[in-house]
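Q: Here it is, the structure in full.
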Amino acid sequence: MTAISNKNVRVSKVEKSRISEVDFSNLVFGKNFSDHMFVCDYKDGKWQNPSIIPYGDMTISPAAKVFHYGQAVFEGMKAYKDDNGNAWLFRPDQNFKRINRSSERLAIPAFREDYFFEALDTLVSLDKEWIKPGDGNALYIRPFVIATEVGVSASPSTEYKFIIVMSPVQAYYKGDVKVVVAEHFSRAADGGVGFTKAAGNYAGQFYPTNLAKEKGFQQVIWTDANEHKYLEEAGTMNVFFRVGDTLLTAPTNDRILDGVTRKSVIQLAKDAGVNVEVRRVPVSEIVEAANNGTLKEIFGAGTAAVISPVSAFSFQEKVYEIPKQKDSYATRFKKALMDIQYNRAEDPYGWRYAVD
Ligand SMILES: *Cc1c(COP(=O)(O)O)cnc(C)c1O
């Protein structure tokens with residue numbers, strides 16, 4: 001892919017970078033932000049004033065609709081640096097399409113493609129020093145849209161802000177993850193907003209996840225809201241199961257987020273000759289596979305952690321341990337994906353996007 005550059009975006013640079021204040025060897029995920037951010041307003045029926053400005057606090061009315069009705073969507077992506085100092089994005093076209101799919105469902109106007117890519121290109125190259133080379137180091141990019149019209153009537157806002165902030169991150173490793181299969185709570189329902197990155201989807205997960213944490217687990221594997229019979233997502237990641245040497249994952253639908261990592265892993269696995277089945281995955285099938293020893297792996301897939309192996313799951317008060325695999329798909333496809341992201345391998349799919 002090549003960069004689009006129409007020079008619509010006004011840039012006002014910081015006088016002095018804050019980069020020397022940041023300890024890059026001790027980063028907490030999403031706590032530090034780079035020097036610049038992108039802001040664009042929607043007003044009078046159009047997106048206007050696309051600007052890059054110094055990162056900092058903003059003034060917003062307490063009556064802005066986002067605070068009352070949660071009209072907000074976001075994206076999560078990363079910029080990577082290779083050993084020659086070049087910066088890369090990974091399939092940013094997917095994030096662009098997805099934020100507009102999310103926006104449409106929340107009655108937010110679609111953002112402009114030319115502004116999106118110009119903002120990314122300019123921001124990432126301005127703050128390129130904030131991306132450190134080396135495995136796991138990246139600049140986490142958070143585009144989001146919020147409803148800013150003042151007024152507490154429950155109707156779609158007529159004004160919005162599209163913002164991009166960026167946060168330097170290191171490898172996201174929290175050890176092996178133990179999960180609880182949801183038997184009561186649900187993340188998403190048929191006809192709902194589960195397929196979007198709507199802000200409220202995450203708030204709704206905190207309480208059930210806290211209950212899981214109290215029991216010594218880190219995440220919830222969400223099941224279908226109707227019957228709690230089918231496995232759908234792991235926390236805020238898509239989820240894969242390896243039974244024998246077959247990789248299983250749920251098809252995307254209106255309850256499941258269409259993850260870029262998920263679809264990339266499916267492609268890499270298929271092309272590596274792995275049998276991949278994209279179909280509903282019953283809890284009973286995975287419990288049976290755990291009991292008869294054919295369940296070899298469970299892992300989550302998402303931009304932040306890339307791939308997170310699951311070491312145990314609980315269902316109906318029983319805990320099923322998943323033995324460590326020598327030749328794990330999780331390790332193999334995480335490496336294959338990162339080799340493409342960090343420009344260490346061929347990119348036969350055209351997934352890498354150069355930032356200059
Ligand atoms: C963001 C997200 C994912 C992962 O998507 P990626 O594009 O791979 O980062 C999966 N599930 C949910 C609910 C998400 O919000």
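Residues are referred to by chain and number: the chain letter is A, B, ... according to the order shown in the structure tokens, the number counts from 1 in that chain, and ligands are numbered separately from 1 in the order shown.
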May I have a table of the residues of chain A lying at most 10 Å from ligand 1, giving each one's closest pair of atoms and their distance in Å to one decimal, counting only C-alpha atoms and all ligand atoms, ordered by chain and ascending residue number, as JSON lines?
A:
{"residue": "A:Phe74", "atom": "CA", "partner": "ligand 1", "partner_atom_place_in_ligand_line": "1 (C)", "distance": 8.9}
{"residue": "A:Glu75", "atom": "CA", "partner": "ligand 1", "partner_atom_place_in_ligand_line": "1 (C)", "distance": 7.0}
{"residue": "A:Gly76", "atom": "CA", "partner": "ligand 1", "partner_atom_place_in_ligand_line": "9 (O)", "distance": 6.0}
{"residue": "A:Met77", "atom": "CA", "partner": "ligand 1", "partner_atom_place_in_ligand_line": "9 (O)", "distance": 6.7}
{"residue": "A:Lys78", "atom": "CA", "partner": "ligand 1", "partner_atom_place_in_ligand_line": "9 (O)", "distance": 9.3}
{"residue": "A:Arg91", "atom": "CA", "partner": "ligand 1", "partner_atom_place_in_ligand_line": "7 (O)", "distance": 9.4}
{"residue": "A:Pro92", "atom": "CA", "partner": "ligand 1", "partner_atom_place_in_ligand_line": "7 (O)", "distance": 9.8}
{"residue": "A:Gln94", "atom": "CA", "partner": "ligand 1", "partner_atom_place_in_ligand_line": "7 (O)", "distance": 8.0}
{"residue": "A:Asn95", "atom": "CA", "partner": "ligand 1", "partner_atom_place_in_ligand_line": "7 (O)", "distance": 7.2}
{"residue": "A:Arg98", "atom": "CA", "partner": "ligand 1", "partner_atom_place_in_ligand_line": "7 (O)", "distance": 8.8}
{"residue": "A:Arg187", "atom": "CA", "partner": "ligand 1", "partner_atom_place_in_ligand_line": "13 (C)", "distance": 8.6}
{"residue": "A:Ala188", "atom": "CA", "partner": "ligand 1", "partner_atom_place_in_ligand_line": "13 (C)", "distance": 9.3}
{"residue": "A:Gly194", "atom": "CA", "partner": "ligand 1", "partner_atom_place_in_ligand_line": "13 (C)", "distance": 7.1}
{"residue": "A:Phe195", "atom": "CA", "partner": "ligand 1", "partner_atom_place_in_ligand_line": "13 (C)", "distance": 7.4}
{"residue": "A:Thr196", "atom": "CA", "partner": "ligand 1", "partner_atom_place_in_ligand_line": "15 (O)", "distance": 7.4}
{"residue": "A:Lys197", "atom": "CA", "partner": "ligand 1", "partner_atom_place_in_ligand_line": "15 (O)", "distance": 5.3}
{"residue": "A:Ala198", "atom": "CA", "partner": "ligand 1", "partner_atom_place_in_ligand_line": "15 (O)", "distance": 8.2}
{"residue": "A:Ala199", "atom": "CA", "partner": "ligand 1", "partner_atom_place_in_ligand_line": "15 (O)", "distance": 9.1}
{"residue": "A:Asn201", "atom": "CA", "partner": "ligand 1", "partner_atom_place_in_ligand_line": "13 (C)", "distance": 7.7}
{"residue": "A:Tyr202", "atom": "CA", "partner": "ligand 1", "partner_atom_place_in_ligand_line": "15 (O)", "distance": 7.7}
{"residue": "A:Gln205", "atom": "CA", "partner": "ligand 1", "partner_atom_place_in_ligand_line": "13 (C)", "distance": 9.8}
{"residue": "A:Trp222", "atom": "CA", "partner": "ligand 1", "partner_atom_place_in_ligand_line": "13 (C)", "distance": 9.7}
{"residue": "A:Glu232", "atom": "CA", "partner": "ligand 1", "partner_atom_place_in_ligand_line": "11 (N)", "distance": 9.3}
{"residue": "A:Glu233", "atom": "CA", "partner": "ligand 1", "partner_atom_place_in_ligand_line": "11 (N)", "distance": 6.4}
{"residue": "A:Ala234", "atom": "CA", "partner": "ligand 1", "partner_atom_place_in_ligand_line": "11 (N)", "distance": 7.4}
{"residue": "A:Gly235", "atom": "CA", "partner": "ligand 1", "partner_atom_place_in_ligand_line": "13 (C)", "distance": 6.8}
{"residue": "A:Thr236", "atom": "CA", "partner": "ligand 1", "partner_atom_place_in_ligand_line": "12 (C)", "distance": 4.0}
{"residue": "A:Met237", "atom": "CA", "partner": "ligand 1", "partner_atom_place_in_ligand_line": "10 (C)", "distance": 3.6}
{"residue": "A:Asn238", "atom": "CA", "partner": "ligand 1", "partner_atom_place_in_ligand_line": "10 (C)", "distance": 4.5}
{"residue": "A:Val239", "atom": "CA", "partner": "ligand 1", "partner_atom_place_in_ligand_line": "10 (C)", "distance": 8.2}
{"residue": "A:Arg255", "atom": "CA", "partner": "ligand 1", "partner_atom_place_in_ligand_line": "13 (C)", "distance": 8.9}
{"residue": "A:Ile256", "atom": "CA", "partner": "ligand 1", "partner_atom_place_in_ligand_line": "13 (C)", "distance": 6.8}
{"residue": "A:Leu257", "atom": "CA", "partner": "ligand 1", "partner_atom_place_in_ligand_line": "11 (N)", "distance": 4.9}
{"residue": "A:Asp258", "atom": "CA", "partner": "ligand 1", "partner_atom_place_in_ligand_line": "5 (O)", "distance": 6.5}
{"residue": "A:Gly259", "atom": "CA", "partner": "ligand 1", "partner_atom_place_in_ligand_line": "5 (O)", "distance": 3.4}
{"residue": "A:Val260", "atom": "CA", "partner": "ligand 1", "partner_atom_place_in_ligand_line": "7 (O)", "distance": 3.7}
{"residue": "A:Thr261", "atom": "CA", "partner": "ligand 1", "partner_atom_place_in_ligand_line": "8 (O)", "distance": 3.6}
{"residue": "A:Arg262", "atom": "CA", "partner": "ligand 1", "partner_atom_place_in_ligand_line": "8 (O)", "distance": 5.6}
{"residue": "A:Lys263", "atom": "CA", "partner": "ligand 1", "partner_atom_place_in_ligand_line": "8 (O)", "distance": 7.8}
{"residue": "A:Ser264", "atom": "CA", "partner": "ligand 1", "partner_atom_place_in_ligand_line": "8 (O)", "distance": 8.4}
{"residue": "A:Val265", "atom": "CA", "partner": "ligand 1", "partner_atom_place_in_ligand_line": "8 (O)", "distance": 9.4}
{"residue": "A:Gly300", "atom": "CA", "partner": "ligand 1", "partner_atom_place_in_ligand_line": "10 (C)", "distance": 8.4}
{"residue": "A:Ala301", "atom": "CA", "partner": "ligand 1", "partner_atom_place_in_ligand_line": "8 (O)", "distance": 6.0}
{"residue": "A:Gly302", "atom": "CA", "partner": "ligand 1", "partner_atom_place_in_ligand_line": "8 (O)", "distance": 3.5}
{"residue": "A:Thr303", "atom": "CA", "partner": "ligand 1", "partner_atom_place_in_ligand_line": "9 (O)", "distance": 3.6}
{"residue": "A:Ala304", "atom": "CA", "partner": "ligand 1", "partner_atom_place_in_ligand_line": "9 (O)", "distance": 6.5}
{"residue": "A:Ala305", "atom": "CA", "partner": "ligand 1", "partner_atom_place_in_ligand_line": "9 (O)", "distance": 8.6}
{"residue": "A:Val306", "atom": "CA", "partner": "ligand 1", "partner_atom_place_in_ligand_line": "8 (O)", "distance": 7.4}
{"residue": "A:Ile307", "atom": "CA", "partner": "ligand 1", "partner_atom_place_in_ligand_line": "8 (O)", "distance": 9.3}
Q: Hey, could you make a per-residue contact list for stretch 159-276 of chain A against stretch 24-30 of chain A with 8 Å as the cut-off, showing the nearest pair of atoms and its distance in Å to one decimal, counting only C-alpha atoms, sorted by chain and number, as CSV?
A:
residue,atom,partner,partner_atom,distance
A:Ser167,CA,A:Gly30,CA,5.6
A:Pro168,CA,A:Gly30,CA,7.3
A:Val169,CA,A:Phe29,CA,5.6
A:Gln170,CA,A:Leu27,CA,6.5
A:Tyr172,CA,A:Phe29,CA,7.5
Q: How close does each residue of stretch 134-251 of chain A get to stretch 120-124 of chain A, giving the shortest atom pair and distance in Å to one decimal for every residue with an atom at most 10 Å away, counting only C-alpha atoms, sorted by chain and residue number, as a Markdown table?
A:
| residue | atom | partner | partner_atom | distance |
| --- | --- | --- | --- | --- |
| A:Leu139 | CA | A:Val124 | CA | 8.5 |
| A:Ile141 | CA | A:Leu120 | CA | 8.8 |
| A:Pro143 | CA | A:Leu120 | CA | 9.4 |
| A:Ile164 | CA | A:Leu120 | CA | 8.2 |
| A:Val165 | CA | A:Leu123 | CA | 9.0 |
| A:Met166 | CA | A:Val124 | CA | 8.5 |
Q: For the selection just defined, write its residues with all heavy atoms to a file, as an mmCIF file, in the first residue's frame.
A:
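Everything below was put into again.cif:
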data_model
loop_
_atom_site.group_PDB
_atom_site.id
_atom_site.type_symbol
_atom_site.label_atom_id
_atom_site.label_comp_id
_atom_site.auth_asym_id
_atom_site.auth_seq_id
_atom_site.Cartn_x
_atom_site.Cartn_y
_atom_site.Cartn_z
ATOM 1 N N LEU A 139 3.839 1.840 18.603
ATOM 2 C CA LEU A 139 3.054 3.000 18.996
ATOM 3 C C LEU A 139 1.597 2.569 18.825
ATOM 4 O O LEU A 139 1.162 2.279 17.709
ATOM 5 C CB LEU A 139 3.409 4.171 18.087
ATOM 6 C CG LEU A 139 3.024 5.585 18.507
ATOM 7 C CD1 LEU A 139 3.515 5.922 19.904
ATOM 8 C CD2 LEU A 139 3.592 6.586 17.501
ATOM 9 N N ILE A 141 -2.109 3.137 18.392
ATOM 10 C CA ILE A 141 -2.826 4.272 17.808
ATOM 11 C C ILE A 141 -4.307 4.135 18.133
ATOM 12 O O ILE A 141 -4.911 3.103 17.846
ATOM 13 C CB ILE A 141 -2.605 4.318 16.284
ATOM 14 C CG1 ILE A 141 -1.100 4.386 15.976
ATOM 15 C CG2 ILE A 141 -3.337 5.504 15.664
ATOM 16 C CD1 ILE A 141 -0.774 4.277 14.494
ATOM 17 N N PRO A 143 -7.677 5.899 17.295
ATOM 18 C CA PRO A 143 -8.645 6.822 16.706
ATOM 19 C C PRO A 143 -9.984 6.648 17.430
ATOM 20 O O PRO A 143 -10.338 5.535 17.814
ATOM 21 C CB PRO A 143 -8.780 6.333 15.256
ATOM 22 C CG PRO A 143 -7.686 5.315 15.062
ATOM 23 C CD PRO A 143 -7.395 4.766 16.419
ATOM 24 N N ILE A 164 -7.322 11.343 17.117
ATOM 25 C CA ILE A 164 -6.367 10.224 17.163
ATOM 26 C C ILE A 164 -5.283 10.569 18.175
ATOM 27 O O ILE A 164 -4.646 11.628 18.062
ATOM 28 C CB ILE A 164 -5.693 9.951 15.797
ATOM 29 C CG1 ILE A 164 -6.738 9.708 14.697
ATOM 30 C CG2 ILE A 164 -4.751 8.752 15.893
ATOM 31 C CD1 ILE A 164 -6.137 9.542 13.287
ATOM 32 N N VAL A 165 -5.103 9.695 19.161
ATOM 33 C CA VAL A 165 -3.978 9.839 20.098
ATOM 34 C C VAL A 165 -3.107 8.595 19.953
ATOM 35 O O VAL A 165 -3.565 7.559 19.465
ATOM 36 C CB VAL A 165 -4.456 10.018 21.562
ATOM 37 C CG1 VAL A 165 -5.207 11.334 21.727
ATOM 38 C CG2 VAL A 165 -5.321 8.853 22.028
ATOM 39 N N MET A 166 -1.856 8.715 20.369
ATOM 40 C CA MET A 166 -0.927 7.593 20.174
ATOM 41 C C MET A 166 -0.108 7.375 21.444
ATOM 42 O O MET A 166 0.361 8.313 22.072
ATOM 43 C CB MET A 166 0.020 7.899 19.012
ATOM 44 C CG MET A 166 -0.714 8.285 17.720
ATOM 45 S SD MET A 166 0.325 8.147 16.257
ATOM 46 C CE MET A 166 1.556 9.391 16.598
#
Q: Would you list, as a PyMOL selection string, the residues of stretch 8-223 of chain A that end up in strand (DSSP E) under DSSP run on this structure's backbone?
A: chain A and resi 10-11+36-43+46-54+72-74+77-81+87-90+138-147+160-169+177-181+219-223
Q: So that I can see what lies close to A:Ser153, please list as a PyMOL selection string the residues with an atom at most 12 Å from it, counting only C-alpha atoms and leaving out residues fewer than 6 positions away in the same chain.
A: chain A and resi 63-69
Q: Could you please take those selected residues and save N, CA, C and O atoms as a short mmCIF file (atom, residue, chain, number, x, y, z; two decimals), in the first residue's frame?
A:
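Final output, saved to part-v9.cif:
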data_model
loop_
_atom_site.label_atom_id
_atom_site.label_comp_id
_atom_site.auth_asym_id
_atom_site.auth_seq_id
_atom_site.Cartn_x
_atom_site.Cartn_y
_atom_site.Cartn_z
N ALA A 63 -22.48 18.88 29.17
CA ALA A 63 -23.75 18.46 28.55
C ALA A 63 -23.53 17.83 27.17
O ALA A 63 -24.50 17.50 26.48
N ALA A 64 -22.27 17.64 26.78
CA ALA A 64 -22.02 16.98 25.48
C ALA A 64 -22.67 15.60 25.50
O ALA A 64 -22.61 14.88 26.50
N LYS A 65 -23.26 15.22 24.37
CA LYS A 65 -24.07 14.00 24.34
C LYS A 65 -23.28 12.73 24.65
O LYS A 65 -23.83 11.77 25.17
N VAL A 66 -21.99 12.75 24.34
CA VAL A 66 -21.21 11.54 24.60
C VAL A 66 -21.27 11.14 26.07
O VAL A 66 -21.28 9.95 26.40
N PHE A 67 -21.35 12.11 26.96
CA PHE A 67 -21.35 11.80 28.40
C PHE A 67 -22.67 11.21 28.87
O PHE A 67 -22.74 10.63 29.96
N HIS A 68 -23.71 11.40 28.09
CA HIS A 68 -25.04 10.99 28.55
C HIS A 68 -25.57 9.77 27.82
O HIS A 68 -26.21 8.92 28.42
N TYR A 69 -25.25 9.68 26.52
CA TYR A 69 -25.83 8.59 25.73
C TYR A 69 -24.76 7.69 25.11
O TYR A 69 -25.10 6.79 24.34
#
Q: A:Leu231: which residues within 9 Å, counting only C-alpha atoms, same-chain residues fewer than 4 positions away excluded, as an MDAnalysis selection string?
A: chainID A and resid 181:182 221:224 239 249:250 280:283
Q: Contacts of A:Phe96 at 9 Å or less, counting only C-alpha atoms, minus same-chain residues fewer than 6 places along, as a PDB file with N, CA, C and O atoms, in the first residue's frame?
A:
ATOM      1  N   GLU A  75     -11.097   2.829  17.565  1.00  0.00           N
ATOM      2  CA  GLU A  75     -10.307   1.819  16.868  1.00  0.00           C
ATOM      3  C   GLU A  75      -9.021   1.591  17.643  1.00  0.00           C
ATOM      4  O   GLU A  75      -8.663   2.391  18.514  1.00  0.00           O
ATOM      5  N   PHE A 111     -16.405   8.992   8.622  1.00  0.00           N
ATOM      6  CA  PHE A 111     -15.252   9.877   8.511  1.00  0.00           C
ATOM      7  C   PHE A 111     -14.696   9.796   7.098  1.00  0.00           C
ATOM      8  O   PHE A 111     -14.961   8.843   6.368  1.00  0.00           O
ATOM      9  N   GLU A 113     -11.980   9.240   4.229  1.00  0.00           N
ATOM     10  CA  GLU A 113     -10.805   8.380   4.041  1.00  0.00           C
ATOM     11  C   GLU A 113      -9.529   9.200   3.822  1.00  0.00           C
ATOM     12  O   GLU A 113      -8.465   8.881   4.340  1.00  0.00           O
ATOM     13  N   PHE A 116      -8.379  10.525   7.128  1.00  0.00           N
ATOM     14  CA  PHE A 116      -7.895   9.456   8.008  1.00  0.00           C
ATOM     15  C   PHE A 116      -6.443   9.104   7.675  1.00  0.00           C
ATOM     16  O   PHE A 116      -5.573   9.075   8.547  1.00  0.00           O
ATOM     17  N   PHE A 117      -6.173   8.846   6.389  1.00  0.00           N
ATOM     18  CA  PHE A 117      -4.816   8.415   6.028  1.00  0.00           C
ATOM     19  C   PHE A 117      -3.814   9.560   6.108  1.00  0.00           C
ATOM     20  O   PHE A 117      -2.670   9.357   6.498  1.00  0.00           O
TER      21      PHE A 117
END
Q: Counting only C-alpha atoms, which residue out of A:Ile53, A:Ile19, A:Ala72, A:Val14 sits closest to A:Gly200?
A: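 Using only C-alpha atoms, the shortest distance to A:Gly200 belongs to A:Ala72.
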Q: From the options A:Gly204, A:Pro309, A:Pro109, A:Gly70, which residue's atoms come nearest to A:Ala154, counting only C-alpha atoms?
A: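 Ranking A:Gly204, A:Pro309, A:Pro109, A:Gly70 by distance to A:Ala154, first place goes to A:Gly70.
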Q: So, with only C-alpha atoms as the atoms that count, which of A:Val9, A:Leu89, A:Ile146, A:Val152 lies closest to A:Asp114?
A: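 Residue with the minimum atom-to-atom distance to A:Asp114: A:Val9.
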Q: Using only C-alpha atoms, which of A:Asn137, A:Phe185, A:Lys213, A:Phe90 sits nearest A:Asp347?
A: A:Phe90
Q: Could you check the closest approach to A:Lys296 for each of A:Ile322, A:Ala225, A:Ala110, A:Ala336 and tell me which residue wins, using only C-alpha atoms?
A: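 Comparing A:Ile322, A:Ala225, A:Ala110, A:Ala336 against A:Lys296, the winner is A:Ile322.
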